[in-house]
Structure formats: structure tokens, C-alpha cells
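> Sharing a structure here in C-alpha cells format.
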Amino acid sequence: MVLQGEAQGSYYAVTYYDELGRNFQQEIDSIFHAVDVSVNLWVDTSVISKVNRNEEVKLDSIFVDNFRIAQEAASLSDGYFDPTISPIVAAWGFSYKHGDTITPQLIDSLKQLVDYRNIRIEDGKVVKANPAMTLDFNAIAQGYTSDLIASFLDSQGIKNYLVDTGGEIMARGEKPNEQPWIVGIEKPADNWDSEQVVHTRIALRDKGLVTSGSTRKYVERNGKRYSHCIDPKTGYPVEHNVLSVTVLAENSVWADALASICMVMGMEKSLPLIESMDGVEAYYIYVNEQNALETFATDGF
């Protein structure tokens with residue numbers, strides 16, 4: 001069975017093998033809806049939108065899960081991942097759209113609102129050191145959704161499936177012919193609208209796989225490209241030679257978080273972190289000093 005469509009501003013494709021031939025479209029639609037009403041910033045009535053506006057709201061399990069995972073990722077990466085980066089991301093997005101110039105003064109003022117250590121959940125409420133702080137779970141929400149769908153399929157006794165939510169993938173088991181799931185890793189594109197080209201393929205089983213990159217998501221201003229990856233420590237788009245990072249982890253949400261961390265930190269800083277973690281592997285695509293593509297994979301990849 002293959003179920004596919006659009007959700008969370010992207011595509012999804014859920015492939016599974018079920019001897020009973022059940023169609024889980026309704027249940028999967030309900031999972032997407034549950035995530036949207038909890039942690040989607042574009043849904044005005046979502047839990048996260050209300051938290052960001054300091055309105056009274058009951059925190060649901062999806063919000064609490066995303067908050068916990070985001071805080072763990074922030075601590076693990078020493079703040080290179082930070083769910084409170086939302087004000088800076090919003091400022092860059094606004095300037096991109098309206099052609100404004102980001103000033104050092106603006107970034108310095110917004111950085112006062114960015115520190116994951118200044119926000120917590122206490123007695124079922126989000127407590128902020130500064131009421132102007134806001135949250136953004138976009139770096140993990142799609143990976144989390146893939147894991148939710150995977151958990152639902154597990155609960156239905158489905159042993160073989162591939163869940164893909166906008167490129168955030170969770171695989172279980174294999175195809176009926178006992179062949180592994182094969183997933184392509186895209187070659188970094190020259191431009192946002194370049195044709196997709198598969199750079200390499202990987203056999204996937206019982207793992208999450210996510211690629212993060214800045215080759216399609218960028219803005220060009222005066223001949224210079226600005227990445228969509230913002231460094232929480234500087235408040236500016238990252239500038240390094242890594243074009244994309246693909247991370248293998250036990251689940252999709254942690255592959256998602258770690259891929260984002262690697263894209264912000266760059267290879268030199270992130271590689272020791274990846275190599276220190278059990279069950280985690282990474283594949284970097286970067287440009288060398290001659291501006292040619294090169295790759296590096298950890299031993300287990």
C-alpha cells in the first residue's frame with residue numbers, strides 16, 4: 001500500500017506491506033492534523049502559536065515531546081541547536097521577503113531572546129525568562145511526524161514500511177522480496193530550481209534518515225547567497241563549505257535534529273559529536289578549496 005499527498009508544506013509518502021490490505025489514510029491524516037494543531041507555527045490557533053503569544057493554553061503530549069527533544073538537542077550541541085532562535089529566523093525571513101537590510105544592532109537585540117536555558121516547562125506551563133521569547137520546532141517536527149506514523153504502523157502489526165515526510169525518513173523491515181529499502185541521497189543542487197539528481201543510494205533498515213542542506217534553501221542578495229541555516233550563536237546564516245549532511249539514527253526525529261546541528265556546526269566541529277554517539281552515522285557533501293564536490297562518511301555509514 002502506498003499513501004501519498006501533501007502535508008506540513010511539503011509531500012509525504014507512506015509505503016507499507018499489510019497482509020490484510022488495510023488502508024490507513026484516515027489515521028495518517030489525523031496524525032498530520034494532530035501535529036499541525038500542536039507545533040505548526042503557520043497555524044494561528046496551534047499550541048506553539050499560543051505559547052509564543054503568551055496566551056493560556058493546555059500543553060499536549062506532542063508539544064511536550066518536541067520541547068523535550070529540542071532542549072536535549074540544544075544541550076547536546078552546546079546551543080548550536082536552539083528552539084528559541086525563532087525571533088532571529090523571523091527577522092531574516094522578513095528581510096529576505098522585503099529586501100530590508102539586517103543590521104548588527106538588530107541581531108544583537110534579538111540575540112537577547114535566544115537561549116534555550118532560559119525557557120522551561122513547569123506545572124504544565126511554559127515559563128520564559130523573557131516574555132518576548134518564542135519557540136520554533138521546525139527543525140524536528142517533520143522527523144517527529146515520521147516517527148509518529150511509524151509508531152502507529154507498529155501498533156497495527158505492520159512489520160515492513162517506509163515513511164517519508166518531506167525527506168524525513170523512517171524505515172522498518174524490508175520489501176517482500178527480502179530486499180532492503182533503497183533511499184537516494186540528492187546531489188547538492190546548483191540552484192533552488194535545479195533538477196533533482198541522485199548522488200548516492202543507501203540501503204535502509206530499522207533506521208531514521210534525514211538530509212539537511214542549504215543548496216536549495218537560500219536567498220541571493222547582491223550576488224551573495226545566504227543559507228537558510230542560522231547559527232544561534234552569531235545570529236547570522238552559516239558560512240562554511242558543507243553543502244549537505246545526511247544522518248542515520250535510531251529514529252527520524254533525532255536524525256532530523258542531528259542533521260540540523262551538523263549543518264550549523266560544519267564538519268570539523270560536528271564530526272566529533274557524531275562519532276561519540278552510538279547508532280549514529282553521517283555523510284557529508286562539501287566543496288574543497290578548488291570548489292569541487294567531495295564527500296566524507298563515518299565508518300558505519
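Residue names in the C-alpha cells use chain letters A, B, ... in the order shown, residue numbers from 1 in each chain, and ligand numbers from 1 in the order shown.
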Just want the 12 Å neighbourhood of Leu76 (chain A), counted on only C-alpha atoms, with same-chain residues fewer than 2 positions away dropped. Output as a PyMOL selection string.

chain A and resi 69-74+78-82+116+254+257-258+261-262+270+273-274+276-277

> Residues of region 16-229 of chain A in alpha helix (DSSP H) according to DSSP, as a ChimeraX atom specification?

/A:25-39,47-52,61-76,86-98,104-111,138-155

> Taking only C-alpha atoms into account, produce a table as a tab-separated table in which each residue of region 127-184 of chain A with an atom at most 7 Å from an atom of region 197-203 of chain A appears once, together with its shortest atom pair and the distance in Å to one decimal, ordered by chain and rising number.


residue	atom	partner	partner_atom	distance
A:Pro180	CA	A:Ala203	CA	5.7
A:Trp181	CA	A:Ala203	CA	5.6
A:Ile182	CA	A:Ala203	CA	4.7
A:Val183	CA	A:Ile202	CA	5.4
A:Gly184	CA	A:Arg201	CA	4.4

> Kindly save the residues from that selection, with N, CA, C and O atoms included, as a compact mmCIF listing (two decimals), in the first residue's frame.


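As written to disk, out32.txt reads:
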# COMPACT_ATOMS: atom_id res chain seq x y z
N PRO A 180 16.36 -4.81 0.89
CA PRO A 180 16.23 -3.65 1.80
C PRO A 180 15.58 -2.46 1.09
O PRO A 180 15.52 -2.40 -0.15
N TRP A 181 15.08 -1.55 1.87
CA TRP A 181 14.62 -0.28 1.32
C TRP A 181 15.83 0.48 0.78
O TRP A 181 16.88 0.52 1.42
N ILE A 182 15.70 1.06 -0.41
CA ILE A 182 16.79 1.84 -1.00
C ILE A 182 16.36 3.30 -1.06
O ILE A 182 15.31 3.62 -1.62
N VAL A 183 17.17 4.16 -0.47
CA VAL A 183 16.85 5.59 -0.42
C VAL A 183 17.97 6.37 -1.10
O VAL A 183 19.16 6.11 -0.86
N GLY A 184 17.60 7.31 -1.94
CA GLY A 184 18.59 8.13 -2.63
C GLY A 184 18.96 9.37 -1.83
O GLY A 184 18.12 9.97 -1.16

> Using only C-alpha atoms for the distances, tell me which of A:Glu27, A:Glu186, A:Asp65, A:Asp100 is nearest to Val253 (chain A).

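When distances to Val253 (chain A) are compared using only C-alpha atoms, the smallest one comes from A:Asp65.
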
> At a cut-off of 6 Å, using only C-alpha atoms, what residues contact Gly143 (chain A)? Leave out same-chain residues fewer than 5 positions from it and give the result as a list in words.

Glu168, Ser252, Val253 and Asp256 of chain A

> Do you have the CA of Arg172 (chain A)-CA of Asp18 (chain A) distance handy?

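Spanning CA of Arg172 (chain A) to CA of Asp18 (chain A) is a straight-line distance of 13.0 Å.
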
> Could you tell me how far CA of Val35 (chain A) sits from CA of Asp115 (chain A), in Å to one decimal place?

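Between CA of Asp115 (chain A) and CA of Val35 (chain A) the gap works out to 24.5 Å.
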